[in-house]
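Below: entry15.cif (mmCIF, C-alpha atoms and all ligand atoms)
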```
data_query
#
loop_
_atom_site.label_atom_id
_atom_site.label_comp_id
_atom_site.auth_asym_id
_atom_site.auth_seq_id
_atom_site.Cartn_x
_atom_site.Cartn_y
_atom_site.Cartn_z
CA MET H 9 -43.58 97.48 224.93
CA PRO H 10 -41.58 94.20 225.10
CA LEU H 11 -38.39 95.91 226.17
CA THR H 12 -35.28 94.12 224.87
CA PRO H 13 -32.49 93.87 227.44
CA LEU H 14 -29.25 95.78 227.00
CA PRO H 15 -26.18 93.69 226.10
CA ASP H 16 -23.51 92.58 228.55
CA ALA H 17 -21.00 95.07 227.14
CA LEU H 18 -23.16 97.80 228.60
CA ILE H 19 -22.92 96.28 232.02
CA SER H 20 -19.24 95.30 231.94
CA GLY H 21 -17.99 98.86 232.21
CA GLN H 22 -16.72 99.25 228.64
CA PRO H 23 -17.81 102.40 226.83
CA TRP H 24 -20.87 101.88 224.66
CA THR H 25 -20.87 101.99 220.88
CA ALA H 26 -23.93 102.93 218.85
CA LEU H 27 -24.94 103.09 215.22
CA ALA H 28 -26.16 106.62 214.45
CA PRO H 29 -29.57 106.81 212.81
CA MET H 30 -29.18 107.58 209.09
CA GLN H 31 -32.04 108.03 206.67
CA ASP H 32 -32.01 105.37 203.93
CA VAL H 33 -28.80 103.87 205.36
CA THR H 34 -29.59 102.35 208.73
CA ASN H 35 -32.25 100.12 207.26
CA LEU H 36 -32.51 96.34 207.39
CA PRO H 37 -29.77 95.45 204.84
CA PHE H 38 -27.18 97.77 206.38
CA MET H 39 -27.94 96.59 209.92
CA GLN H 40 -27.59 92.99 208.76
CA LEU H 41 -24.29 93.86 207.09
CA LEU H 42 -22.97 95.42 210.29
CA GLY H 43 -23.93 92.23 212.08
CA LYS H 44 -21.38 90.46 209.88
CA TYR H 45 -18.61 93.05 210.35
CA GLY H 46 -19.13 93.60 214.07
CA ALA H 47 -22.35 95.21 215.27
CA PRO H 48 -22.31 98.08 217.76
CA ASP H 49 -23.84 97.71 221.22
CA LEU H 50 -26.89 99.76 220.26
CA LEU H 51 -28.68 100.29 216.96
CA PHE H 52 -30.92 103.20 216.01
CA THR H 53 -33.34 103.09 213.09
CA GLU H 54 -33.57 105.88 210.55
CA PHE H 55 -36.17 108.44 211.61
CA PHE H 56 -39.86 107.71 211.28
CA ARG H 57 -41.83 110.85 210.45
CA VAL H 58 -44.85 111.18 212.73
CA HIS H 59 -47.76 113.24 211.40
CA GLY H 60 -51.55 113.17 211.17
CA HIS H 61 -51.68 110.24 208.72
CA SER H 62 -48.49 108.36 209.56
CA ALA H 63 -48.51 104.63 210.22
CA LEU H 64 -45.47 102.42 210.77
CA ASP H 65 -44.33 100.95 207.47
CA GLN H 66 -43.06 97.47 206.69
CA PRO H 67 -39.40 98.39 206.02
CA MET H 68 -39.24 100.05 209.45
CA ILE H 69 -40.86 97.05 211.12
CA ASP H 70 -38.50 94.67 209.29
CA SER H 71 -35.44 96.64 210.37
CA ILE H 72 -36.55 96.25 213.99
CA CYS H 73 -37.64 92.61 213.81
CA GLN H 74 -35.22 91.02 211.38
CA HIS H 75 -31.79 92.65 211.72
CA GLY H 76 -30.52 89.53 213.47
CA THR H 77 -27.51 91.20 215.08
CA GLY H 78 -28.59 90.24 218.58
CA ARG H 79 -28.22 93.91 219.58
CA PRO H 80 -30.96 96.15 220.97
CA VAL H 81 -32.56 98.53 218.52
CA PHE H 82 -34.15 101.90 219.28
CA ILE H 83 -36.82 103.26 216.95
CA GLN H 84 -36.36 106.94 216.18
CA LEU H 85 -39.37 109.23 215.82
CA ILE H 86 -39.43 112.75 214.41
CA GLY H 87 -42.45 114.96 214.96
CA GLU H 88 -44.08 117.59 217.16
CA SER H 89 -47.78 116.76 217.18
CA LEU H 90 -48.48 115.44 220.68
CA PRO H 91 -51.56 113.32 219.80
CA ASP H 92 -49.73 111.77 216.83
CA LEU H 93 -46.63 111.03 218.89
CA GLU H 94 -48.84 109.38 221.55
CA ARG H 95 -50.67 107.42 218.87
CA THR H 96 -47.37 106.19 217.40
CA VAL H 97 -46.09 105.05 220.79
CA ALA H 98 -49.38 103.19 221.26
CA GLU H 99 -48.96 101.58 217.83
CA ILE H 100 -45.42 100.42 218.72
CA ASP H 101 -46.87 98.94 221.92
CA ALA H 102 -49.83 97.33 220.22
CA ARG H 103 -47.64 95.69 217.58
CA LYS H 104 -45.32 94.45 220.36
CA LEU H 105 -42.28 95.59 218.42
CA PRO H 106 -39.13 94.30 220.15
CA VAL H 107 -37.50 97.69 220.63
CA ALA H 108 -35.07 98.62 223.39
CA GLY H 109 -36.63 102.07 223.53
CA ILE H 110 -38.00 105.03 221.62
CA ASP H 111 -35.74 107.86 220.49
CA LEU H 112 -36.78 111.42 219.62
CA ASN H 113 -34.97 113.26 216.81
CA MET H 114 -34.18 116.86 217.77
CA GLY H 115 -31.38 117.46 215.30
CA CYS H 116 -32.31 116.96 211.66
CA PRO H 117 -30.96 120.01 209.77
CA ALA H 118 -32.85 119.59 206.47
CA PRO H 119 -34.72 122.89 205.91
CA LYS H 120 -37.86 121.12 204.76
CA VAL H 121 -37.82 119.33 208.13
CA TYR H 122 -36.85 122.12 210.53
CA LYS H 123 -39.23 124.60 208.87
CA LYS H 124 -42.06 122.39 210.16
CA ASN H 125 -40.64 122.75 213.68
CA VAL H 126 -39.62 119.12 213.90
CA GLY H 127 -36.13 117.61 214.17
CA GLY H 128 -33.61 120.42 214.64
CA GLY H 129 -36.42 122.98 214.38
CA LEU H 130 -37.59 122.06 217.88
CA LEU H 131 -34.36 123.39 219.39
CA ARG H 132 -35.57 126.97 218.85
CA GLU H 133 -38.39 126.53 221.35
CA PRO H 134 -37.65 125.15 224.82
CA ALA H 135 -41.33 125.53 225.79
CA LYS H 136 -42.33 123.19 222.96
CA ILE H 137 -39.54 120.77 223.87
CA ASP H 138 -40.95 120.70 227.41
CA GLN H 139 -44.35 119.63 226.02
CA VAL H 140 -42.95 117.03 223.59
CA LEU H 141 -40.62 115.43 226.16
CA GLY H 142 -43.40 115.45 228.77
CA CYS H 143 -45.83 113.84 226.36
CA LEU H 144 -43.41 111.13 225.26
CA ARG H 145 -42.18 110.38 228.79
CA ASN H 146 -45.74 109.93 229.85
CA ALA H 147 -46.63 107.71 226.89
CA ILE H 148 -43.53 105.49 226.88
CA ASP H 149 -43.43 102.66 229.41
CA GLY H 150 -39.85 101.70 228.72
CA ARG H 151 -36.69 103.56 227.72
CA PHE H 152 -37.07 107.02 226.25
CA THR H 153 -33.99 108.48 224.57
CA VAL H 154 -33.23 111.75 222.77
CA LYS H 155 -30.78 112.62 220.00
CA MET H 156 -30.08 116.32 219.59
CA ARG H 157 -27.65 119.00 218.51
CA ILE H 158 -26.29 121.79 220.72
CA GLY H 159 -28.77 124.35 219.41
CA PHE H 160 -30.36 125.78 216.29
CA ASP H 161 -28.03 128.60 215.24
CA GLY H 162 -26.37 129.16 218.62
CA ASP H 163 -26.12 127.62 222.06
CA GLU H 164 -28.36 129.99 224.01
CA HIS H 165 -30.91 127.28 224.94
CA PHE H 166 -28.39 124.49 225.56
CA ASP H 167 -28.49 124.53 229.37
CA ALA H 168 -32.27 124.99 229.47
CA ILE H 169 -32.68 121.98 227.16
CA LEU H 170 -30.39 119.86 229.35
CA ASP H 171 -32.61 120.83 232.28
CA LEU H 172 -35.62 119.56 230.34
CA VAL H 173 -33.85 116.31 229.47
CA GLU H 174 -33.28 115.82 233.19
CA LYS H 175 -36.78 116.98 234.19
CA HIS H 176 -38.41 114.39 231.93
CA ASP H 177 -36.18 111.48 233.00
CA VAL H 178 -34.73 110.84 229.59
CA ASP H 179 -32.83 107.53 229.74
CA LEU H 180 -30.03 108.33 227.27
CA LEU H 181 -28.93 111.41 225.36
CA SER H 182 -27.01 111.25 222.06
CA LEU H 183 -25.41 114.63 221.37
CA HIS H 184 -24.25 115.61 217.89
CA ALA H 185 -22.13 118.54 218.98
CA ARG H 186 -22.89 121.00 216.19
CA THR H 187 -25.73 123.46 215.75
CA VAL H 188 -28.44 122.72 213.21
CA LYS H 189 -27.11 125.52 211.03
CA GLU H 190 -23.64 123.95 211.08
CA ALA H 191 -25.09 120.87 209.38
CA TYR H 192 -22.36 118.23 208.86
CA ARG H 193 -19.00 119.76 208.02
CA SER H 194 -18.03 122.30 210.68
CA GLU H 195 -15.79 121.60 213.64
CA VAL H 196 -17.51 119.47 216.28
CA HIS H 197 -17.78 121.28 219.65
CA TYR H 198 -16.91 118.37 221.94
CA GLU H 199 -16.86 120.62 225.02
CA TYR H 200 -20.70 120.57 224.98
CA ILE H 201 -20.65 116.78 225.22
CA LYS H 202 -18.43 117.11 228.28
CA ARG H 203 -20.86 119.62 229.78
CA ALA H 204 -23.84 117.34 229.15
CA ALA H 205 -22.01 114.28 230.53
CA GLU H 206 -21.07 116.21 233.70
CA ARG H 207 -24.54 117.62 234.28
CA LEU H 208 -26.96 114.85 233.36
CA PRO H 209 -27.80 111.79 235.44
CA CYS H 210 -28.41 109.74 232.26
CA PRO H 211 -25.64 108.36 230.02
CA VAL H 212 -24.53 110.60 227.15
CA LEU H 213 -23.32 109.30 223.78
CA ALA H 214 -20.87 111.50 221.89
CA ASN H 215 -21.61 111.98 218.21
CA GLY H 216 -19.90 113.82 215.36
CA ASN H 217 -16.78 112.94 213.37
CA ILE H 218 -15.75 109.94 215.41
CA THR H 219 -13.69 108.58 212.56
CA SER H 220 -11.42 105.96 214.12
CA VAL H 221 -10.44 104.10 217.28
CA ALA H 222 -7.93 106.84 218.11
CA LYS H 223 -10.51 109.59 217.67
CA GLY H 224 -13.02 107.56 219.69
CA GLN H 225 -10.59 107.17 222.59
CA TRP H 226 -9.71 110.88 222.39
CA THR H 227 -13.42 111.75 222.57
CA LEU H 228 -13.97 109.52 225.59
CA ASP H 229 -10.95 111.01 227.38
CA GLU H 230 -11.94 114.55 226.51
CA THR H 231 -15.67 114.38 227.31
CA HIS H 232 -16.02 111.54 229.88
CA CYS H 233 -19.14 110.45 228.01
CA ALA H 234 -20.63 106.96 228.35
CA GLY H 235 -20.09 105.95 224.75
CA LEU H 236 -19.68 106.75 221.09
CA MET H 237 -22.33 107.05 218.39
CA ILE H 238 -20.97 106.68 214.84
CA GLY H 239 -22.61 107.44 211.50
CA ARG H 240 -20.67 108.13 208.31
CA SER H 241 -17.47 106.47 209.50
CA CYS H 242 -19.15 103.08 209.75
CA ILE H 243 -20.20 103.35 206.11
CA ARG H 244 -16.53 103.94 205.22
CA ASN H 245 -15.22 101.42 207.72
CA PRO H 246 -17.81 98.82 208.80
CA TRP H 247 -15.19 97.21 211.08
CA ILE H 248 -15.08 100.29 213.32
CA PHE H 249 -17.36 98.89 216.06
CA ARG H 250 -15.39 95.63 216.19
CA GLN H 251 -12.15 97.63 216.31
CA LEU H 252 -13.43 99.76 219.20
CA ARG H 253 -14.51 96.70 221.14
CA GLU H 254 -11.09 95.08 220.61
CA HIS H 255 -9.39 98.29 221.70
CA PHE H 256 -11.53 98.60 224.85
CA ALA H 257 -10.72 94.98 225.74
CA GLY H 258 -6.97 95.59 225.28
CA GLN H 259 -6.84 93.11 222.39
CA PRO H 260 -5.02 93.53 219.05
CA VAL H 261 -7.17 95.70 216.78
CA PHE H 262 -8.13 94.28 213.40
CA ARG H 263 -6.73 96.26 210.44
CA PRO H 264 -8.53 95.64 207.14
CA THR H 265 -6.63 95.58 203.84
CA LEU H 266 -7.83 96.98 200.53
CA ALA H 267 -8.73 93.37 199.59
CA ASP H 268 -11.09 93.33 202.60
CA VAL H 269 -12.57 96.58 201.36
CA ARG H 270 -13.10 94.95 197.94
CA ASP H 271 -15.07 92.15 199.64
CA TYR H 272 -17.05 94.71 201.65
CA ILE H 273 -18.07 96.41 198.39
CA ASP H 274 -19.35 93.06 197.09
CA ASP H 275 -21.29 92.58 200.32
CA LEU H 276 -22.73 96.08 200.01
CA PHE H 277 -23.77 95.35 196.44
CA GLU H 278 -25.54 92.18 197.49
CA ALA H 279 -27.15 93.85 200.51
CA THR H 280 -28.50 96.71 198.38
CA THR H 281 -29.87 94.43 195.64
CA HIS H 282 -33.58 95.02 195.59
CA GLY H 283 -36.23 93.65 193.23
CA LYS H 284 -37.59 97.13 192.58
CA ARG H 285 -34.19 98.63 191.66
CA ASP H 286 -32.95 98.41 188.06
CA ALA H 287 -29.24 97.96 187.33
CA LEU H 288 -28.45 101.65 186.86
CA SER H 289 -30.33 102.86 189.92
CA HIS H 290 -28.63 100.11 191.91
CA ILE H 291 -25.18 101.39 190.85
CA ASN H 292 -26.26 104.94 191.64
CA TYR H 293 -27.49 103.88 195.08
CA MET H 294 -24.17 102.10 195.69
CA LYS H 295 -22.35 105.36 194.93
CA LYS H 296 -23.90 106.96 198.00
CA PHE H 297 -22.04 104.40 200.14
CA LEU H 298 -18.91 104.31 197.98
CA ASN H 299 -18.54 108.07 198.33
CA PHE H 300 -17.66 107.37 201.96
CA VAL H 301 -15.65 104.18 201.32
CA GLY H 302 -13.57 106.08 198.76
CA LEU H 303 -12.36 108.51 201.44
CA GLY H 304 -10.04 105.72 202.58
CA VAL H 305 -8.64 104.39 199.30
CA ASP H 306 -6.06 106.67 197.65
CA THR H 307 -4.68 110.12 198.38
CA ASP H 308 -5.33 111.54 194.91
CA GLY H 309 -9.00 110.51 194.89
CA GLN H 310 -8.73 108.40 191.73
CA PHE H 311 -10.99 105.67 193.11
CA LEU H 312 -13.67 108.27 193.85
CA HIS H 313 -13.22 109.87 190.44
CA ASP H 314 -13.52 106.59 188.53
CA MET H 315 -16.22 105.08 190.75
CA ARG H 316 -18.49 108.11 190.19
CA ARG H 317 -18.38 107.46 186.44
CA THR H 318 -19.44 103.82 186.57
CA LYS H 319 -22.71 102.85 184.91
CA SER H 320 -22.82 99.10 185.49
CA LYS H 321 -21.67 96.36 187.83
CA ALA H 322 -18.98 95.44 185.29
CA ASP H 323 -17.64 99.04 185.37
CA LEU H 324 -17.63 98.97 189.16
CA ASP H 325 -15.83 95.61 189.27
CA ALA H 326 -13.16 96.99 186.92
CA VAL H 327 -12.66 100.10 189.09
CA CYS H 328 -12.38 97.96 192.24
CA GLN H 329 -9.90 95.63 190.54
CA ARG H 330 -7.76 98.58 189.40
CA HIS H 331 -7.74 100.54 192.67
CA LEU H 332 -8.10 97.88 195.36
CA ILE H 333 -6.46 94.73 194.00
CA GLU H 334 -3.90 95.25 191.21
CA HIS H 335 -0.28 96.45 191.55
CA GLY H 336 0.06 94.98 195.04
CA ARG H 337 -2.76 97.12 196.44
CA ALA H 338 -4.73 94.15 197.79
CA GLN H 339 -2.41 93.77 200.77
CA GLN H 340 -2.15 97.48 201.57
CA LEU H 341 -3.83 98.51 204.81
CA PHE H 342 -7.04 100.53 204.63
CA PRO H 343 -6.19 103.90 206.28
CA GLU H 344 -7.58 104.31 209.78
CA GLU H 345 -8.69 107.90 209.16
CA PRO H 346 -10.39 109.35 206.07
CA ILE H 347 -7.77 110.84 203.76
CA LYS H 348 -7.54 114.60 204.33
CA GLY H 349 -8.68 116.81 201.48
CA LEU H 350 -11.11 114.29 199.97
CA ILE H 351 -14.81 114.92 200.44
CA ALA H 352 -17.64 112.47 200.05
CA ARG H 353 -19.13 114.72 197.35
CA PRO H 354 -20.47 118.26 197.50
CA ASN H 355 -23.67 117.97 199.51
CA CYS H 356 -23.37 114.23 199.89
CA GLU H 357 -22.77 114.46 203.61
CA THR H 358 -26.28 115.66 204.26
CA PRO H 359 -29.37 113.50 204.06
CA GLN H 360 -31.16 115.98 201.82
CA GLY H 361 -28.19 116.50 199.49
CA CYS H 362 -27.42 112.85 199.38
CA GLN H 363 -30.94 111.64 198.65
CA LEU H 364 -29.71 108.32 199.87
C1 LIG T 401 -27.16 110.20 205.17
C2 LIG T 401 -27.46 110.62 206.57
C3 LIG T 401 -28.71 110.44 207.10
C4 LIG T 401 -29.01 110.83 208.42
N1 LIG T 401 -30.25 110.56 208.95
C5 LIG T 401 -30.49 110.82 210.27
C6 LIG T 401 -31.70 110.41 210.91
O1 LIG T 401 -32.59 109.78 210.30
N2 LIG T 401 -31.86 110.72 212.23
C7 LIG T 401 -30.90 111.40 212.95
O2 LIG T 401 -31.08 111.64 214.16
N3 LIG T 401 -29.74 111.77 212.37
C8 LIG T 401 -29.50 111.48 211.06
N4 LIG T 401 -28.29 111.80 210.52
C9 LIG T 401 -27.24 112.38 211.38
C10 LIG T 401 -26.36 111.25 211.98
O3 LIG T 401 -27.10 110.42 212.83
C11 LIG T 401 -25.17 111.84 212.78
O4 LIG T 401 -25.68 112.63 213.81
C12 LIG T 401 -24.26 112.71 211.92
O5 LIG T 401 -23.99 112.09 210.67
C13 LIG T 401 -22.92 112.98 212.64
O6 LIG T 401 -22.27 111.77 212.97
P1 LIG T 401 -21.04 111.19 212.08
O7 LIG T 401 -20.01 112.28 211.97
O8 LIG T 401 -20.58 109.98 212.85
O9 LIG T 401 -21.61 110.85 210.73
C14 LIG T 401 -28.01 111.45 209.20
C15 LIG T 401 -26.74 111.65 208.65
C16 LIG T 401 -26.45 111.25 207.37
C17 LIG T 401 -25.05 111.46 206.82
#
```
Would you put the structure from the file into structure tokens?
Amino acid sequence: MPLTPLPDALISGQPWTALAPMQDVTNLPFMQLLGKYGAPDLLFTEFFRVHGHSALDQPMIDSICQHGTGRPVFIQLIGESLPDLERTVAEIDARKLPVAGIDLNMGCPAPKVYKKNVGGGLLREPAKIDQVLGCLRNAIDGRFTVKMRIGFDGDEHFDAILDLVEKHDVDLLSLHARTVKEAYRSEVHYEYIKRAAERLPCPVLANGNITSVAKGQWTLDETHCAGLMIGRSCIRNPWIFRQLREHFAGQPVFRPTLADVRDYIDDLFEATTHGKRDALSHINYMKKFLNFVGLGVDTDGQFLHDMRRTKSKADLDAVCQRHLIEHGRAQQLFPEEPIKGLIARPNCETPQGCQL
């Protein structure tokens, strides 16, 4: 595996920032977009499902080879079949993909996934985790990382799983501090991140509801973790990684206005333009992103309400003009935190509900 080096930020003592893997979001166009707004230190691809007939697909390969952010990218695998995991690692090697490492998904909460004992389903069986981690550690020449939750429906295996992470020399652990059953909306149990960071020799990235610079700093202070992994909040606020870096360096932190958000929506539209997508499905795909952006626009949720009813680019432009530009809104600051009480959409915070 032609291991890409880690960036200077990782060596300079600043906390790390990482893009959380998100199915149908952290693909090539979104990674390229983040490159423009301020890429994180580490990127993770969406998960690649490993099974008896799986073979790396072109969009996955493109996201690794062409993101152009200059940042290291980790490919995430999800699976439990040892021969197929080994075969996939060999394929990554044979294709000489420029990855910084290989990440294992042990957290996906979609029932159709965990029922097959992959993703979050693995957390029920430490003995199986032992086999999977052993197999991957043995097969991977370079960095081997794991992303997991604190347990399946409780924390009874948490310490045993940390022991396995240590036993198999995992190079980095990203911990989404909820159980699989808690999915995406419950409180995040940051104390488990602290426990993992105290116990493990490898760096630990905190994940779950890191919504702003202030929340990021609070998480670092509270957990003493090595860095922050951010998912949904970088869809809402693509400047968040730049803001964190400025904050860590003691520099003034950029504050976007609603006019900047308007431009971001144009960039998103361009990035998600795809030959195979007709105009209506393009608008509908945009709504998956705008459901998160809209959490930072107005307290009464009018942007979200109107945006969800758009059927064309012209409708969307009119909604953006009304809510982000007119009546002096353009110069208003985009709120640092999502506005309380608004939700992205029932079920839209989960990969399966969102069908992103
Ligand atoms: C739309 C969507 C897709 C996701 N896909 C993946 C995935 O492919 N692999 C993974 O490990 N986690 C996935 N997750 C979970 C995120 O990586 C992250 O753990 C979770 O969203 C919590 O972080 P956040 O509060 O910063 O969003 C996904 C989450 C969302 C919202």
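Coordinates place atom CA of H:Leu90 at a distance of 26.0 Å from atom CA of H:Asn35.
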Give me, as a tab-separated table, the closest atom pair and its distance (Å, one decimal) for every residue of stretch 178-279 of chain H within a cut-off of 12 Å of stretch 60-84 of chain H, counting all atoms listed in the file, rows sorted by chain and rising number.
```
residue	atom	partner	partner_atom	distance
H:Asp179	CA	H:Phe82	CA	12.0
H:Leu180	CA	H:Phe82	CA	11.1
H:Ser182	CA	H:Gln84	CA	11.9
```
Pull C-alpha atoms from the residues just selected and write them as a compact mmCIF listing (two decimals), in the coordinates of the input.
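So the final result, stored in result.txt, reads:
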```
# COMPACT_ATOMS: atom_id res chain seq x y z
CA ASP H 179 -32.83 107.53 229.74
CA LEU H 180 -30.03 108.33 227.27
CA SER H 182 -27.01 111.25 222.06
```
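Counting from atom N1 of ligand LIG 401 (chain T), the distance to atom CA of H:Glu54 is 6.0 Å.
One distance worth recording is that between atom CA of H:Leu252 and atom CA of H:Phe300, which is 19.3 Å.
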Margin query: Using all atoms listed in the file for the distances, tell me which of H:Gln259, H:Gln31, H:Ser220, H:Asn215 is nearest to H:Leu236.
Written below: H:Asn215
Check: With distances taken over all atoms listed in the file, which of H:Ala214, H:Ala352, H:Val173, H:Leu276 is nearest to H:Tyr192?
Finding: H:Ala352
Go through stretch 173-285 of chain H and flag each residue having an atom no more than 8 Å from stretch 36-44 of chain H; for those, report the closest pair of atoms plus their distance in Å to one decimal, using only C-alpha atoms, ordered by chain and rising number, as JSON lines.
```
{"residue": "H:Pro246", "atom": "CA", "partner": "H:Leu42", "partner_atom": "CA", "distance": 6.4}
{"residue": "H:Asp275", "atom": "CA", "partner": "H:Leu41", "partner_atom": "CA", "distance": 7.5}
{"residue": "H:Leu276", "atom": "CA", "partner": "H:Leu41", "partner_atom": "CA", "distance": 7.6}
{"residue": "H:Ala279", "atom": "CA", "partner": "H:Pro37", "partner_atom": "CA", "distance": 5.3}
{"residue": "H:Thr280", "atom": "CA", "partner": "H:Pro37", "partner_atom": "CA", "distance": 6.7}
```
Mind working out the centre and edge lengths of an axis-aligned box for stretch 337-345 of chain H, all listed atoms inside, 8 Å added to each side, rounded to one decimal in Å and written as JSON?
```
{"center_x": -5.4, "center_y": 100.8, "center_z": 203.1, "size_x": 22.5, "size_y": 30.1, "size_z": 29.3}
```
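Inspection of the environment of ligand LIG 401 (chain T), which uses all atoms listed in the file and a cut-off of 6 Å, identifies the neighbouring residues as Ala28, Pro29, Met30, Gln31, Glu54, Phe55, Asn113, Gly115, Cys116, Lys155, His184, Asn215, Gly216, Asn217, Ile218, Ile238, Gly239, Arg240, Ser241, Glu357, Thr358 and Pro359 of chain H.
Of the residues listed (H:Leu14, H:Ala118, H:Ile351, H:Cys233), H:Ile351 shows the shortest atom-to-atom separation from H:Arg193; distances use all atoms listed in the file.
Closest approach to H:Leu303 among H:His255, H:Gly336, H:Phe342, H:Leu324 is made by H:Phe342 (distances from only C-alpha atoms).
The protein and nucleic acid residues lying at most 7 Å from stretch 96-103 of chain H are Met9, Asp92, Leu93, Ala147 and Ile148 of chain H, with only C-alpha atoms considered and sequence neighbours fewer than 3 positions away removed.
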May I have the residues from that selection written out with C-alpha atoms, as an mmCIF file, in the coordinates of the input?
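The new file part-v5.cif reads:
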```
data_model
loop_
_atom_site.group_PDB
_atom_site.id
_atom_site.type_symbol
_atom_site.label_atom_id
_atom_site.label_comp_id
_atom_site.auth_asym_id
_atom_site.auth_seq_id
_atom_site.Cartn_x
_atom_site.Cartn_y
_atom_site.Cartn_z
ATOM 1 C CA MET H 9 -43.580 97.480 224.930
ATOM 2 C CA ASP H 92 -49.730 111.770 216.830
ATOM 3 C CA LEU H 93 -46.630 111.030 218.890
ATOM 4 C CA ALA H 147 -46.630 107.710 226.890
ATOM 5 C CA ILE H 148 -43.530 105.490 226.880
#
```
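Nearest residue to H:Lys124 among H:Val58, H:Ala108, H:Leu183, H:Leu141 is H:Val58, counting all atoms listed in the file.
Nearest to H:Ala191 of all the residues H:Asp271, H:Asp314, H:Asp161, H:Glu344 is H:Asp161, counting only C-alpha atoms.
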